[in-house]
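Undergrad: Can you read through this structure? Questions will come right after.
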Amino acid sequence: MPISTEKKLGSLLMTGFIGEEISQCSSTVNDIKEHGLGGVILFDKCLATGSRKNNITSPEQMAKLTSDLQSCSAEPLLIAVDQEGGMVSRFRSAYGFSTSPSALMLGQQDDLEKCREAAEQTSQMLKDAGVNFNLAPVVDLDLTALNPIIGKYQRSFGDNAQTVIECALSWMSAHRKSGILSCLKHFPGHGSSLADSHRGFVDITESWDREELLPYKKIHQRTEIDAIMMGHLFHKNLDPLYPASLSKRIIDSLLRQEMNYQGLIISDDMQMGAITKYYGLEKACCRAICAGVDMVIIGNNISSDPKIVTKITDSLKNSIDQGLLSEARVDQAWQRVQGLKNKLHKGE
């Protein structure tokens with residue numbers, strides 16, 4: 001049976017929700033069944049309510065939640081999380097989960113076996129929990145101590161591109177063996193920035209160096225990349241109008257042409273300040289997909305709206321009707337999402 005345009009649009013969205021369980025009357029279940037929602041993203045805290053608990057509270061609870069989510073979907077549902085290790089870990093020891101060192105600590109050890117062990121531990125934990133997509137590893141280069149979101153939280157493997165490349169490859173391989181998808185982030189490079197895209201506009205024009213593209217290029221040459229995340233990063237010489245996540249020019253020239261990367265491109269959370277303060281959520285989601293992003297993340301955590309999927313899909317449909325978004329672009333993005341889902345559970 002042909003897939004409707006509405007469900008194709010729904011499959012291009014990944015969104016979060018509040019709570020450690022779902023019921024058949026929840027908006028998330030409706031989004032999966034009626035809109036064909038492509039994926040969900042899980043959080044340990046809820047910023048919208050200020051609660052220190054949200055989707056992740058114990059191994060047993062997680063296994064049930066992810067099983068319930070999958071049972072609602074006619075096809076494999078992408079269930080994603082940011083489990084980088086160190087300070088950026090949604091699965092915490094307080095809830096009975098194993099922990100791993102930060103990326104920086106792993107990179108500084110100069111021991112790929114330690115990195116592999118940490119990645120194996122992480123990927124097995126995610127597999128047991130029913131999570132199939134880890135939005136990691138970070139391949140930003142740690143280029144300044146003043147960086148408030150990468151360097152400050154030890155999210156980079158280091159300032160040396162080769163170290164970052166080797167650690168990321170080890171991380172990806174371990175996840176692939178467990179049947180867990182991985183994602184390189186934040187393209188074209190967040191490590192040299194002096195601002196945090198969660199809070200507002202980030203201009204990397206003066207700080208960015210082309211060396212920050214090396215991890216993406218070299219990793220792409222050596223292995224298959226499941227997904228690349230576009231950062232909300234503005235560079236006037238790469239695109240004088242839009243940040244990377246909304247830039248057809250950056251996606252086409254750097255990723256698709258220069259790197260010949262044909263896999264899935266996913267956005268960083270579209271509710272981050274770098275986007276919502278300047279472009280508006282619904283228009284930005286449309287712009288991102290028009291530009292070449294295949295799947296957009298709406299975390300629904302910074303602010304929460306149970307009708308967000310309906311609003312975004314309606315906005316995308318209006319863009320098609322107005323001739324701003326082509327059905328060919330939607331089909332292309334949908335095919336890439338399906339291609340990513342087809343990798344699930346294959347392992348090595």
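Quick note on naming: the chains in the structure tokens go A, B, ... in the order shown, residues restart at 1 in each chain, and ligands are numbered from 1 in order of appearance.
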Would you please extract all helix (DSSP H, G or I) residues from segment 33-114 of chain A, as assigned by DSSP on the backbone, and give them as a ChimeraX atom specification?

TA: /A:33-35,59-71,93-95,103-108,112-114

Undergrad: Residues at most 7 Å from Leu9 of chain A, counting only C-alpha atoms, excluding those fewer than 4 positions away in the same chain, as a PyMOL selection string?

TA: chain A and resi 5+313+330

Undergrad: Write the residues of the preceding selection, restricted to all heavy atoms, as a PDB file, in the first residue's frame.

TA:
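Written file, result.pdb:
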ATOM      1  N   THR A   5       1.485  11.084   1.757  1.00  0.00           N
ATOM      2  CA  THR A   5       2.413  12.197   1.954  1.00  0.00           C
ATOM      3  C   THR A   5       2.471  12.593   3.424  1.00  0.00           C
ATOM      4  O   THR A   5       3.545  12.894   3.958  1.00  0.00           O
ATOM      5  CB  THR A   5       1.987  13.407   1.101  1.00  0.00           C
ATOM      6  OG1 THR A   5       2.040  13.054  -0.287  1.00  0.00           O
ATOM      7  CG2 THR A   5       2.912  14.597   1.342  1.00  0.00           C
ATOM      8  N   THR A 313       3.740  18.881  10.886  1.00  0.00           N
ATOM      9  CA  THR A 313       3.323  18.220   9.644  1.00  0.00           C
ATOM     10  C   THR A 313       2.359  19.095   8.853  1.00  0.00           C
ATOM     11  O   THR A 313       2.424  19.150   7.621  1.00  0.00           O
ATOM     12  CB  THR A 313       2.674  16.841   9.925  1.00  0.00           C
ATOM     13  OG1 THR A 313       1.629  16.974  10.889  1.00  0.00           O
ATOM     14  CG2 THR A 313       3.705  15.849  10.433  1.00  0.00           C
ATOM     15  N   VAL A 330      10.746  15.522  -0.289  1.00  0.00           N
ATOM     16  CA  VAL A 330      10.153  14.714   0.780  1.00  0.00           C
ATOM     17  C   VAL A 330      10.430  13.238   0.536  1.00  0.00           C
ATOM     18  O   VAL A 330      10.833  12.500   1.451  1.00  0.00           O
ATOM     19  CB  VAL A 330       8.639  14.969   0.890  1.00  0.00           C
ATOM     20  CG1 VAL A 330       7.994  13.996   1.877  1.00  0.00           C
ATOM     21  CG2 VAL A 330       8.375  16.412   1.323  1.00  0.00           C
TER      22      VAL A 330
END

Undergrad: Given only C-alpha atoms, how would the per-residue table for segment 46-103 of chain A near segment 14-38 of chain A read, listing every residue at most 6 Å away with its closest atom pair and distance in Å to one decimal, sorted by chain and number, as JSON lines?

TA:
{"residue": "A:Asn54", "atom": "CA", "partner": "A:Gly19", "partner_atom": "CA", "distance": 5.1}
{"residue": "A:Asn55", "atom": "CA", "partner": "A:Glu20", "partner_atom": "CA", "distance": 4.2}
{"residue": "A:Leu65", "atom": "CA", "partner": "A:Glu21", "partner_atom": "CA", "distance": 5.6}
{"residue": "A:Ser73", "atom": "CA", "partner": "A:Ile32", "partner_atom": "CA", "distance": 5.9}

Undergrad: Using only C-alpha atoms, determine which residues lie at most 10 Å from segment 194-197 of chain A, disregarding the query and same-chain residues fewer than 2 positions distant; provide the list as a ChimeraX atom specification.

TA: /A:144-150,190-192,199-204,207,231-234,268-269,272-275

Undergrad: Might you pull out every residue within 10 Å of segment 109-111 of chain A, with only C-alpha atoms counted and same-chain residues fewer than 3 positions away left off, and present them as a PyMOL selection string?

TA: chain A and resi 104-106+114-116+157+163+167

Undergrad: Calculate how many Å separate atom CA of Asn300 of chain A from atom CA of Arg329 of chain A, rounding to one decimal.

TA: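 That distance, rounded to one decimal, is 25.0 Å.
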
Undergrad: Could you name the residues that touch Ala168 of chain A at 12 Å or less, counting only C-alpha atoms, but leaving out those on the same chain fewer than 5 positions away, as a PyMOL selection string?

TA: chain A and resi 84+103-104+106-107+112+115-116+118-119+136-141+155-158+161-163+173-175+182-185+215-216+218-220+222-223+225

Undergrad: Let's have the selection written as a short mmCIF file (atom, residue, chain, number, x, y, z; two decimals), in the first residue's frame, with N, CA, C and O atoms.

TA:
data_model
loop_
_atom_site.label_atom_id
_atom_site.label_comp_id
_atom_site.auth_asym_id
_atom_site.auth_seq_id
_atom_site.Cartn_x
_atom_site.Cartn_y
_atom_site.Cartn_z
N GLU A 84 26.65 10.25 25.39
CA GLU A 84 28.03 10.47 24.97
C GLU A 84 29.03 9.95 25.99
O GLU A 84 30.17 9.64 25.64
N ALA A 103 34.29 11.81 26.65
CA ALA A 103 35.08 11.65 25.43
C ALA A 103 36.50 12.18 25.62
O ALA A 103 37.47 11.57 25.17
N LEU A 104 36.64 13.32 26.30
CA LEU A 104 37.96 13.89 26.52
C LEU A 104 38.86 12.95 27.31
O LEU A 104 40.03 12.75 26.97
N LEU A 106 38.67 9.72 27.44
CA LEU A 106 39.03 8.60 26.58
C LEU A 106 40.11 9.00 25.59
O LEU A 106 41.05 8.24 25.35
N GLY A 107 39.98 10.19 25.02
CA GLY A 107 40.98 10.65 24.07
C GLY A 107 42.33 10.88 24.70
O GLY A 107 43.38 10.61 24.09
N LEU A 112 43.12 3.06 22.51
CA LEU A 112 41.86 2.77 21.82
C LEU A 112 41.11 1.61 22.45
O LEU A 112 39.89 1.50 22.30
N CYS A 115 38.76 3.05 24.87
CA CYS A 115 37.64 3.67 24.15
C CYS A 115 36.67 2.59 23.67
O CYS A 115 35.45 2.74 23.80
N ARG A 116 37.22 1.50 23.14
CA ARG A 116 36.36 0.41 22.67
C ARG A 116 35.56 -0.20 23.82
O ARG A 116 34.37 -0.48 23.68
N ALA A 118 34.61 1.25 26.61
CA ALA A 118 33.56 2.19 27.02
C ALA A 118 32.41 2.17 26.03
O ALA A 118 31.23 2.20 26.41
N ALA A 119 32.73 2.11 24.74
CA ALA A 119 31.69 2.09 23.71
C ALA A 119 30.89 0.80 23.76
O ALA A 119 29.66 0.81 23.57
N ALA A 136 25.59 10.16 19.05
CA ALA A 136 27.00 10.28 19.39
C ALA A 136 27.76 9.38 18.41
O ALA A 136 27.14 8.51 17.78
N PRO A 137 29.05 9.60 18.19
CA PRO A 137 29.97 10.41 18.99
C PRO A 137 30.08 11.86 18.49
O PRO A 137 29.83 12.15 17.33
N VAL A 138 30.51 12.73 19.39
CA VAL A 138 30.88 14.09 19.03
C VAL A 138 32.24 14.02 18.32
O VAL A 138 33.18 13.41 18.83
N VAL A 139 32.33 14.62 17.13
CA VAL A 139 33.62 14.67 16.45
C VAL A 139 34.11 16.11 16.28
O VAL A 139 34.96 16.40 15.44
N ASP A 140 33.56 17.01 17.09
CA ASP A 140 34.08 18.37 17.14
C ASP A 140 35.50 18.34 17.71
O ASP A 140 35.79 17.54 18.61
N LEU A 141 36.36 19.21 17.20
CA LEU A 141 37.70 19.32 17.75
C LEU A 141 37.69 20.30 18.93
O LEU A 141 37.05 21.35 18.85
N ARG A 155 33.19 17.03 25.90
CA ARG A 155 32.45 16.22 24.93
C ARG A 155 33.29 15.82 23.72
O ARG A 155 32.87 14.97 22.94
N SER A 156 34.44 16.45 23.54
CA SER A 156 35.31 16.14 22.42
C SER A 156 36.42 15.18 22.85
O SER A 156 36.89 15.23 23.98
N PHE A 157 36.86 14.32 21.91
CA PHE A 157 37.96 13.41 22.20
C PHE A 157 39.29 14.15 22.29
O PHE A 157 40.28 13.59 22.76
N GLY A 158 39.33 15.41 21.83
CA GLY A 158 40.56 16.19 21.93
C GLY A 158 40.73 17.19 20.82
O GLY A 158 39.83 17.38 19.98
N ALA A 161 42.95 16.05 15.35
CA ALA A 161 41.96 15.44 14.46
C ALA A 161 42.13 13.92 14.38
O ALA A 161 41.14 13.18 14.36
N GLN A 162 43.36 13.43 14.33
CA GLN A 162 43.57 12.00 14.20
C GLN A 162 43.08 11.24 15.43
O GLN A 162 42.51 10.15 15.32
N THR A 163 43.29 11.83 16.61
CA THR A 163 42.78 11.21 17.85
C THR A 163 41.26 11.13 17.80
O THR A 163 40.67 10.10 18.13
N SER A 173 32.19 1.45 15.67
CA SER A 173 32.30 0.01 15.45
C SER A 173 31.64 -0.78 16.57
O SER A 173 30.91 -1.75 16.31
N ALA A 174 31.88 -0.38 17.81
CA ALA A 174 31.28 -1.08 18.95
C ALA A 174 29.76 -0.97 18.92
O ALA A 174 29.05 -1.94 19.20
N HIS A 175 29.26 0.20 18.58
CA HIS A 175 27.81 0.38 18.49
C HIS A 175 27.22 -0.47 17.36
O HIS A 175 26.17 -1.10 17.53
N SER A 182 24.67 5.11 15.15
CA SER A 182 25.41 6.22 15.74
C SER A 182 25.29 7.46 14.85
O SER A 182 24.79 7.38 13.73
N CYS A 183 25.77 8.58 15.35
CA CYS A 183 25.60 9.86 14.65
C CYS A 183 26.79 10.77 14.93
O CYS A 183 27.12 11.02 16.09
N LEU A 184 27.45 11.25 13.89
CA LEU A 184 28.54 12.20 14.05
C LEU A 184 27.98 13.60 14.18
O LEU A 184 27.08 13.99 13.44
N LYS A 185 28.53 14.39 15.11
CA LYS A 185 28.01 15.75 15.32
C LYS A 185 29.14 16.66 15.83
O LYS A 185 30.12 16.15 16.39
N PRO A 215 37.49 15.09 10.57
CA PRO A 215 36.87 13.86 11.09
C PRO A 215 35.77 13.32 10.18
O PRO A 215 35.69 12.10 9.94
N TYR A 216 34.94 14.19 9.65
CA TYR A 216 33.86 13.74 8.76
C TYR A 216 34.43 13.13 7.48
O TYR A 216 34.00 12.05 7.04
N LYS A 218 37.55 11.91 6.82
CA LYS A 218 38.36 10.71 7.00
C LYS A 218 37.53 9.51 7.47
O LYS A 218 37.76 8.38 7.06
N ILE A 219 36.58 9.77 8.34
CA ILE A 219 35.71 8.67 8.80
C ILE A 219 34.87 8.16 7.63
O ILE A 219 34.69 6.95 7.46
N HIS A 220 34.37 9.07 6.82
CA HIS A 220 33.57 8.67 5.65
C HIS A 220 34.38 7.81 4.69
O HIS A 220 33.85 6.90 4.04
N ARG A 222 36.66 5.71 5.57
CA ARG A 222 37.04 4.44 6.18
C ARG A 222 35.87 3.55 6.60
O ARG A 222 36.05 2.35 6.79
N THR A 223 34.70 4.11 6.76
CA THR A 223 33.57 3.30 7.18
C THR A 223 32.27 3.96 6.77
O THR A 223 32.25 5.13 6.37
N ILE A 225 28.89 5.78 7.51
CA ILE A 225 28.36 6.66 8.55
C ILE A 225 26.84 6.52 8.57
O ILE A 225 26.19 6.65 7.53
#

Undergrad: Report the distance between atom CA of Gly280 of chain A and atom CA of Tyr242 of chain A in Å, rounded to one decimal place.

TA: 13.2 Å

Undergrad: Neighbours of segment 257-264 of chain A within 7 Å (only C-alpha atoms; same-chain residues fewer than 4 positions away dropped), as a count of residues only?

TA: 9
